[in-house]
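Pasting target-v9.cif here (mmCIF, C-alpha atoms):
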data_structure
#
loop_
_atom_site.label_atom_id
_atom_site.label_comp_id
_atom_site.auth_asym_id
_atom_site.auth_seq_id
_atom_site.Cartn_x
_atom_site.Cartn_y
_atom_site.Cartn_z
CA ILE A 1 -5.28 1.97 20.06
CA TYR A 2 -3.67 5.33 19.16
CA ILE A 3 -4.86 7.03 22.35
CA SER A 4 -3.54 4.23 24.56
CA SER A 5 -0.21 4.21 22.66
CA PHE A 6 0.10 7.99 23.00
CA LEU A 7 -0.63 7.90 26.73
CA SER A 8 1.86 5.06 27.15
CA LEU A 9 4.62 7.14 25.52
CA VAL A 10 3.93 10.46 27.27
CA GLN A 11 4.00 8.71 30.65
CA GLU A 12 7.56 7.56 30.03
CA PRO A 13 10.14 9.31 32.25
CA PRO A 14 12.84 11.43 30.54
CA VAL A 15 15.44 9.39 28.66
CA GLU A 16 18.65 10.36 30.42
CA THR A 17 20.60 7.11 30.60
CA ASN A 18 21.41 4.22 28.28
CA ILE A 19 19.21 1.94 30.36
CA ARG A 20 16.25 4.30 30.01
CA GLU A 21 16.88 4.60 26.28
CA ASN A 22 16.87 0.82 25.90
CA LEU A 23 13.60 0.55 27.81
CA PHE A 24 12.05 3.33 25.72
CA ALA A 25 13.17 1.69 22.47
CA ARG A 26 11.70 -1.64 23.56
CA LYS A 27 8.36 -0.02 24.35
CA LEU A 28 8.36 1.81 21.01
CA GLU A 29 9.15 -1.42 19.19
CA LEU A 30 6.20 -3.17 20.85
CA LEU A 31 3.88 -0.30 19.92
CA TYR A 32 5.25 -0.31 16.36
CA GLU A 33 4.41 -4.00 16.03
CA ARG A 34 1.05 -3.54 17.71
CA HIS A 35 0.00 -1.06 15.02
CA SER A 36 1.23 -3.15 12.10
CA SER A 37 -2.25 -4.41 11.14
CA VAL A 38 -4.11 -1.10 11.52
CA LEU A 39 -4.24 -0.54 7.75
CA ILE A 40 -6.04 -3.83 7.24
CA GLN A 41 -8.39 -3.22 10.16
CA MET A 42 -9.34 0.16 8.70
CA ALA A 43 -9.87 -1.42 5.29
CA MET A 44 -12.21 -3.95 6.88
CA GLY A 45 -14.18 -1.14 8.52
CA ALA A 46 -14.48 0.72 5.22
CA TYR A 47 -15.59 -2.52 3.55
CA GLU A 48 -18.36 -3.03 6.13
CA LEU A 49 -19.53 0.59 5.84
CA ARG A 50 -19.53 0.38 2.04
CA GLN A 51 -21.70 -2.75 2.24
CA LYS A 52 -24.22 -1.06 4.54
CA VAL A 53 -24.41 2.06 2.36
CA ASN A 54 -24.82 0.01 -0.81
CA ASP A 55 -27.63 -2.16 0.62
CA GLY A 56 -29.39 0.83 2.17
CA THR A 57 -29.06 -0.21 5.81
CA HIS A 58 -26.88 2.75 6.84
CA ASP A 59 -28.65 6.06 7.43
CA MET A 60 -26.67 9.10 6.22
CA HIS A 61 -28.20 11.99 8.19
CA GLY A 62 -31.71 10.88 7.33
CA SER A 63 -30.89 9.81 3.79
CA ASN A 64 -29.06 6.83 2.36
CA VAL A 65 -28.98 8.04 -1.24
CA MET A 66 -25.41 9.33 -1.10
CA GLU A 67 -22.90 7.06 -2.80
CA PHE A 68 -20.16 5.76 -0.56
CA GLU A 69 -17.46 7.16 -2.83
CA GLN A 70 -18.91 10.67 -2.47
CA MET A 71 -18.51 10.95 1.30
CA SER A 72 -16.06 13.84 1.16
CA GLU A 73 -15.66 14.26 4.91
CA CYS A 74 -14.84 10.59 5.34
CA HIS A 75 -12.36 10.76 2.45
CA ALA A 76 -10.64 13.81 3.93
CA PHE A 77 -10.38 12.18 7.36
CA LEU A 78 -8.87 8.99 5.93
CA ASP A 79 -6.41 11.01 3.86
CA ARG A 80 -5.20 12.93 6.94
CA PHE A 81 -5.14 9.77 9.03
CA TYR A 82 -2.98 7.79 6.61
CA MET A 83 -0.61 10.66 5.88
CA SER A 84 -0.07 11.05 9.63
CA ARG A 85 0.28 7.31 10.08
CA ILE A 86 2.91 7.03 7.36
CA GLY A 87 4.89 9.89 8.92
CA ILE A 88 4.72 8.41 12.41
CA ARG A 89 5.77 4.96 11.25
CA VAL A 90 8.67 6.34 9.22
CA LEU A 91 9.95 8.30 12.25
CA ALA A 92 9.55 5.35 14.62
CA GLY A 93 10.90 2.87 12.08
CA GLN A 94 13.92 5.06 11.35
CA TYR A 95 14.74 5.37 15.05
CA LEU A 96 14.46 1.63 15.60
CA ALA A 97 16.43 0.80 12.44
CA LEU A 98 19.28 3.11 13.48
CA ARG A 99 19.60 1.11 16.71
CA SER A 100 19.80 -2.20 14.84
CA PRO A 101 22.95 -3.70 13.28
CA THR A 102 23.85 -1.64 10.22
CA MET A 103 23.30 -3.16 6.78
CA ASP A 104 25.60 -2.11 3.96
CA GLY A 105 24.33 0.98 2.17
CA TYR A 106 21.52 1.67 4.66
CA ILE A 107 20.99 4.63 6.96
CA GLY A 108 18.10 3.41 9.05
CA LEU A 109 15.24 2.58 6.68
CA ILE A 110 16.80 4.46 3.77
CA TYR A 111 18.93 2.60 1.26
CA GLN A 112 21.44 4.93 -0.35
CA ASN A 113 21.55 2.99 -3.62
CA THR A 114 17.95 1.94 -4.16
CA SER A 115 17.65 0.43 -7.65
CA PRO A 116 14.24 0.92 -9.27
CA HIS A 117 15.09 -1.96 -11.59
CA HIS A 118 15.64 -4.37 -8.70
CA ILE A 119 12.51 -3.13 -6.90
CA VAL A 120 10.44 -3.53 -10.07
CA ASP A 121 11.81 -7.05 -10.52
CA ALA A 122 10.76 -7.99 -6.98
CA ALA A 123 7.32 -6.39 -7.40
CA VAL A 124 6.81 -8.23 -10.70
CA MET A 125 7.59 -11.54 -8.99
CA ASP A 126 5.11 -10.85 -6.19
CA ALA A 127 2.37 -9.58 -8.53
CA SER A 128 2.91 -12.57 -10.84
CA TYR A 129 2.56 -14.94 -7.89
CA MET A 130 -0.70 -13.31 -6.80
CA CYS A 131 -2.06 -13.25 -10.36
CA GLU A 132 -1.19 -16.90 -10.88
CA GLN A 133 -2.91 -17.85 -7.62
CA LEU A 134 -6.10 -16.19 -8.85
CA TYR A 135 -6.08 -16.85 -12.60
CA GLY A 136 -3.66 -19.76 -13.08
CA ALA A 137 -1.24 -17.66 -15.16
CA PHE A 138 0.12 -14.11 -15.43
CA PRO A 139 1.03 -11.59 -18.16
CA ARG A 140 4.71 -11.06 -18.93
CA VAL A 141 6.38 -7.78 -17.98
CA ALA A 142 9.08 -6.01 -19.98
CA ILE A 143 11.36 -3.55 -18.14
CA ARG A 144 13.41 -0.96 -20.01
CA GLY A 145 15.00 2.46 -19.63
CA ARG A 146 17.55 3.46 -16.98
CA LEU A 147 18.17 0.01 -15.53
CA ASP A 148 21.43 1.27 -14.01
CA LEU A 149 19.75 4.07 -12.03
CA SER A 150 19.96 4.23 -8.23
CA PHE A 151 18.94 6.85 -5.67
CA PRO A 152 18.31 7.17 -1.88
CA TYR A 153 14.83 5.92 -0.93
CA ILE A 154 12.91 3.62 1.40
CA PRO A 155 12.77 0.40 -0.68
CA THR A 156 9.72 -1.10 1.08
CA GLN A 157 7.56 1.90 0.20
CA LEU A 158 8.64 1.92 -3.45
CA HIS A 159 7.97 -1.82 -3.62
CA TYR A 160 4.47 -1.34 -2.21
CA ILE A 161 3.61 1.36 -4.78
CA LEU A 162 4.91 -0.70 -7.71
CA LEU A 163 3.24 -3.88 -6.50
CA GLU A 164 -0.15 -2.15 -6.32
CA LEU A 165 0.20 -0.71 -9.83
CA LEU A 166 1.40 -4.01 -11.30
CA LYS A 167 -1.42 -5.96 -9.63
CA ASN A 168 -3.93 -3.59 -11.20
CA SER A 169 -2.25 -3.85 -14.62
CA MET A 170 -2.15 -7.64 -14.53
CA ARG A 171 -5.74 -7.97 -13.42
CA ALA A 172 -6.95 -5.52 -16.09
CA THR A 173 -4.92 -7.27 -18.81
CA VAL A 174 -6.21 -10.73 -17.87
CA GLU A 175 -9.86 -9.72 -17.58
CA TYR A 176 -9.87 -7.54 -20.70
CA HIS A 177 -8.26 -10.11 -23.00
CA GLY A 178 -9.94 -13.16 -21.52
CA ILE A 179 -9.05 -15.31 -18.54
CA HIS A 180 -8.92 -18.46 -20.66
CA HIS A 181 -6.66 -17.04 -23.38
CA PRO A 182 -3.25 -16.37 -21.79
CA HIS A 183 -1.56 -16.64 -25.20
CA LYS A 184 -3.40 -13.44 -26.18
CA TRP A 185 -2.27 -11.43 -23.18
CA PRO A 186 -0.01 -8.56 -24.29
CA LYS A 187 3.08 -7.66 -22.30
CA ILE A 188 2.97 -5.01 -19.60
CA GLU A 189 5.73 -2.42 -20.01
CA VAL A 190 7.66 -0.71 -17.22
CA ILE A 191 9.84 2.24 -18.21
CA ILE A 192 12.35 3.75 -15.77
CA ALA A 193 13.52 7.31 -16.45
CA ASP A 194 15.07 10.13 -14.44
CA GLY A 195 15.92 13.78 -14.65
CA GLN A 196 19.42 15.19 -14.41
CA GLU A 197 21.26 14.03 -11.27
CA ASN A 198 18.21 12.09 -10.09
CA GLU A 199 16.16 15.18 -9.22
CA ASP A 200 13.16 13.34 -10.60
CA VAL A 201 12.71 9.60 -10.96
CA VAL A 202 9.82 8.45 -13.13
CA ILE A 203 8.58 4.87 -13.30
CA LYS A 204 5.88 4.41 -15.92
CA ILE A 205 3.74 1.28 -16.10
CA SER A 206 1.66 0.83 -19.24
CA ASP A 207 -0.72 -1.97 -20.16
CA GLU A 208 -3.44 -2.85 -22.67
CA GLY A 209 -6.07 -3.60 -20.09
CA GLY A 210 -8.87 -1.51 -21.56
CA GLY A 211 -8.32 1.68 -19.57
CA ILE A 212 -10.52 3.35 -16.95
CA PRO A 213 -13.98 4.80 -17.75
CA ARG A 214 -13.95 8.58 -17.47
CA SER A 215 -16.77 8.44 -14.93
CA ASN A 216 -14.51 6.44 -12.57
CA LEU A 217 -11.39 8.60 -12.76
CA LYS A 218 -12.16 10.58 -9.61
CA LYS A 219 -13.25 7.48 -7.72
CA ILE A 220 -10.01 5.51 -8.16
CA TRP A 221 -8.23 7.69 -5.57
CA SER A 222 -10.90 7.01 -2.97
CA TYR A 223 -10.18 4.72 -0.01
CA LEU A 224 -13.80 3.71 -0.26
CA TYR A 225 -13.99 2.49 -3.84
CA THR A 226 -13.00 -0.73 -5.56
CA THR A 227 -13.84 -2.43 -8.85
CA ALA A 228 -13.07 -5.88 -7.44
CA ASP A 229 -15.80 -8.49 -7.66
CA PRO A 230 -17.85 -8.58 -4.40
CA SER A 231 -17.22 -12.33 -4.06
CA ILE A 232 -13.47 -11.68 -4.11
CA GLN A 233 -13.88 -9.04 -1.42
CA ASP A 234 -15.92 -11.44 0.73
CA ARG A 235 -13.21 -14.07 0.41
CA LEU A 236 -10.49 -11.58 1.30
CA VAL A 237 -12.38 -10.41 4.36
CA GLY A 238 -12.71 -14.03 5.41
CA MET A 239 -8.91 -14.34 5.28
CA GLN A 240 -8.52 -11.76 8.02
CA GLY A 241 -6.48 -13.05 10.92
CA GLY A 242 -4.12 -11.90 13.63
CA ASP A 243 -0.94 -12.41 11.59
CA ASN A 244 -1.77 -10.03 8.73
CA VAL A 245 0.37 -6.92 8.44
CA ASP A 246 0.17 -3.89 6.18
CA HIS A 247 2.19 -4.94 3.18
CA SER A 248 2.35 -8.72 3.34
CA ARG A 249 2.01 -10.50 0.01
CA GLU A 250 -0.77 -12.52 1.66
CA ALA A 251 -2.53 -9.48 3.16
CA PRO A 252 -6.16 -9.09 2.04
CA LEU A 253 -5.61 -5.52 0.84
CA ALA A 254 -5.91 -6.29 -2.88
CA GLY A 255 -9.57 -5.88 -3.71
CA LEU A 256 -10.55 -3.85 -0.66
CA GLY A 257 -10.00 -0.53 -2.45
CA TYR A 258 -6.93 0.73 -0.60
CA GLY A 259 -4.06 0.08 -3.02
CA LEU A 260 -4.03 3.23 -5.16
CA PRO A 261 -4.86 5.85 -2.49
CA ILE A 262 -2.27 4.44 -0.06
CA SER A 263 0.29 4.39 -2.88
CA LYS A 264 -0.53 8.02 -3.59
CA SER A 265 0.01 8.90 0.07
CA TYR A 266 3.41 7.16 0.03
CA ALA A 267 4.41 9.04 -3.11
CA ARG A 268 3.43 12.34 -1.46
#

Once you've parsed the file, please lay out its structure as structure tokens.
Amino acid sequence: IYISSFLSLVQEPPVETNIRENLFARKLELLYERHSSVLIQMAMGAYELRQKVNDGTHDMHGSNVMEFEQMSECHAFLDRFYMSRIGIRVLAGQYLALRSPTMDGYIGLIYQNTSPHHIVDAAVMDASYMCEQLYGAFPRVAIRGRLDLSFPYIPTQLHYILLELLKNSMRATVEYHGIHHPHKWPKIEVIIADGQENEDVVIKISDEGGGIPRSNLKKIWSYLYTTADPSIQDRLVGMQGGDNVDHSREAPLAGLGYGLPISKSYAR
């Protein structure tokens, strides 16, 4: 898909007139949409490979004893791939957004007055919805700190990062304190802080979900690792369809092991 898209673009004649620019933009828009589900497709491939490694049906250079999470070459490739993909989609998305009708406060994809408080609120609503769909209820979230803060950023990327972290916090809180005891679930706290003149913006999410075992700390940044129940993963894979896109609330990314590493790539 990337090779065919690249060849399609390089075969375009020079853009020297408004008509040619319009045609080029239309082609780029179609390619942009065509690649919208690549993240999910790659997650599905990693899921299938993980299953084969775990059940011993995939031969790793004559040996299948290597754990999936320890495949350093595969990890490095995926890291480079997703960093490049994010960069390409930001460049293409910015170009296409600049051609669209201007929204107040936006320069392309970038909103000049992005409010972490508003983004956290939206992410909390989405994470609560997903948690309620799975468990029937959701932990409450308290937001404090610099609620008046704003800074230039791409809101969709910040929302994705926060949604992934909140989903993890909610799931950990529910499972640690008992699915059938929502009255015992402690609040999740989100603290927004910044350095002088917004040089650094820090959003801290803290929960009482039991923490992460030390032996798993290195694994959590792997694209190939997840603590989700296998039955949940099977159900999510079964949801795969043609309409899924990268960051849809309905996308089967939660539980396929991609949330934290992709968030880390966005933050980078």

Identify all residues satisfying the PyMOL selection byres ((chain A and resi 97) around 12) in the given file; provide them as a PDB file with C-alpha atoms, in the coordinates of the input.
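After the write, expr-v9.pdb holds the following:
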ATOM      1  CA  ALA A  25      13.170   1.690  22.470  1.00  0.00           C
ATOM      2  CA  LEU A  28       8.360   1.810  21.010  1.00  0.00           C
ATOM      3  CA  GLU A  29       9.150  -1.420  19.190  1.00  0.00           C
ATOM      4  CA  TYR A  32       5.250  -0.310  16.360  1.00  0.00           C
ATOM      5  CA  ARG A  89       5.770   4.960  11.250  1.00  0.00           C
ATOM      6  CA  VAL A  90       8.670   6.340   9.220  1.00  0.00           C
ATOM      7  CA  LEU A  91       9.950   8.300  12.250  1.00  0.00           C
ATOM      8  CA  ALA A  92       9.550   5.350  14.620  1.00  0.00           C
ATOM      9  CA  GLY A  93      10.900   2.870  12.080  1.00  0.00           C
ATOM     10  CA  GLN A  94      13.920   5.060  11.350  1.00  0.00           C
ATOM     11  CA  TYR A  95      14.740   5.370  15.050  1.00  0.00           C
ATOM     12  CA  LEU A  96      14.460   1.630  15.600  1.00  0.00           C
ATOM     13  CA  LEU A  98      19.280   3.110  13.480  1.00  0.00           C
ATOM     14  CA  ARG A  99      19.600   1.110  16.710  1.00  0.00           C
ATOM     15  CA  SER A 100      19.800  -2.200  14.840  1.00  0.00           C
ATOM     16  CA  PRO A 101      22.950  -3.700  13.280  1.00  0.00           C
ATOM     17  CA  THR A 102      23.850  -1.640  10.220  1.00  0.00           C
ATOM     18  CA  MET A 103      23.300  -3.160   6.780  1.00  0.00           C
ATOM     19  CA  TYR A 106      21.520   1.670   4.660  1.00  0.00           C
ATOM     20  CA  ILE A 107      20.990   4.630   6.960  1.00  0.00           C
ATOM     21  CA  GLY A 108      18.100   3.410   9.050  1.00  0.00           C
ATOM     22  CA  LEU A 109      15.240   2.580   6.680  1.00  0.00           C
ATOM     23  CA  ILE A 110      16.800   4.460   3.770  1.00  0.00           C
ATOM     24  CA  TYR A 111      18.930   2.600   1.260  1.00  0.00           C
ATOM     25  CA  ILE A 154      12.910   3.620   1.400  1.00  0.00           C
TER      26      ILE A 154
END

Requested in this report: Give me the result of the PyMOL selection byres ((chain A and resi 163) around 12) on this file, residue by residue, as number ranges by chain.
Outcome: A: 119-131, 155-162, 164-170, 205, 247-249, 253-254, 259-260, 262-263

Requested in this report: Just give me the gap between atom CA of Val141 of chain A and atom CA of Thr173 of chain A in Å, one decimal is fine.
Outcome: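 For atom CA of Val141 of chain A relative to atom CA of Thr173 of chain A, the distance reads 11.3 Å.
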
Query raised in the report: Counting all atoms listed in the file, which of A:Leu9, A:Ala193, A:Ile220, A:Ile1 gets nearest to His35 of chain A?
Result: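 Using all atoms listed in the file, His35 of chain A sits closest to A:Ile1.
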
Requested in this report: Quote the spacing between atom CA of Phe151 of chain A and atom CA of Tyr82 of chain A in Å to one decimal place.
Outcome: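 Answer for the atom CA of Phe151 of chain A to atom CA of Tyr82 of chain A separation: 25.1 Å.
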
Query raised in the report: Using only C-alpha atoms, which of the listed residues (A:Tyr225, A:Phe77, A:Trp185, A:Tyr258) sits closest to Leu39 of chain A?
Result: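 Nearest candidate to Leu39 of chain A out of A:Tyr225, A:Phe77, A:Trp185, A:Tyr258: A:Tyr258.
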
Requested in this report: Name every residue that the PyMOL selection byres ((chain A and resi 146) around 8) selects in this structure, writing the answer as a PyMOL selection string with chains first and numbers rising.
Outcome: chain A and resi 144-145+147-149+191-194

**Report entry** Between atom CA of Ala43 of chain A and atom CA of Arg85 of chain A, distance in Å (one decimal)
**Finding:** 14.2 Å

Query raised in the report: In terms of the shortest atom-to-atom distance over all atoms listed in the file, which of A:Met71, A:Ile3, A:Val10, A:Val15 is closest to Ser222 of chain A?
Result: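 Going through A:Met71, A:Ile3, A:Val10, A:Val15 one by one, the smallest distance to Ser222 of chain A is for A:Met71.
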
Report summary line: Using all atoms listed in the file, the residue out of A:Ala137, A:Leu49, A:Leu30, A:Leu224 with shortest distance to Pro182 of chain A is A:Ala137

**Report entry** Shortest interatomic distance to Gln112 of chain A - which of A:Tyr135, A:Arg80, A:Leu7, A:Ser150, counting all atoms listed in the file
**Finding:**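 Of A:Tyr135, A:Arg80, A:Leu7, A:Ser150, the one nearest Gln112 of chain A is A:Ser150, counting all atoms listed in the file.
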
Query raised in the report: Which of these, A:Tyr223, A:Phe6, A:Tyr153, A:Tyr47, has the shortest distance to Asn113 of chain A once you count all atoms listed in the file?
Result: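 Answer, going by the shortest atom-to-atom distance: A:Tyr153.
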
Write out as a compact mmCIF listing (two decimals) with C-alpha atoms, in the frame of the given file the residues lying within 7 Å of segment 186-188 of chain A, counting all atoms listed in the file and excluding same-chain residues fewer than 3 positions away.
# COMPACT_ATOMS: atom_id res chain seq x y z
CA PRO A 139 1.03 -11.59 -18.16
CA ARG A 140 4.71 -11.06 -18.93
CA VAL A 141 6.38 -7.78 -17.98
CA ALA A 142 9.08 -6.01 -19.98
CA SER A 206 1.66 0.83 -19.24
CA ASP A 207 -0.72 -1.97 -20.16
CA GLU A 208 -3.44 -2.85 -22.67
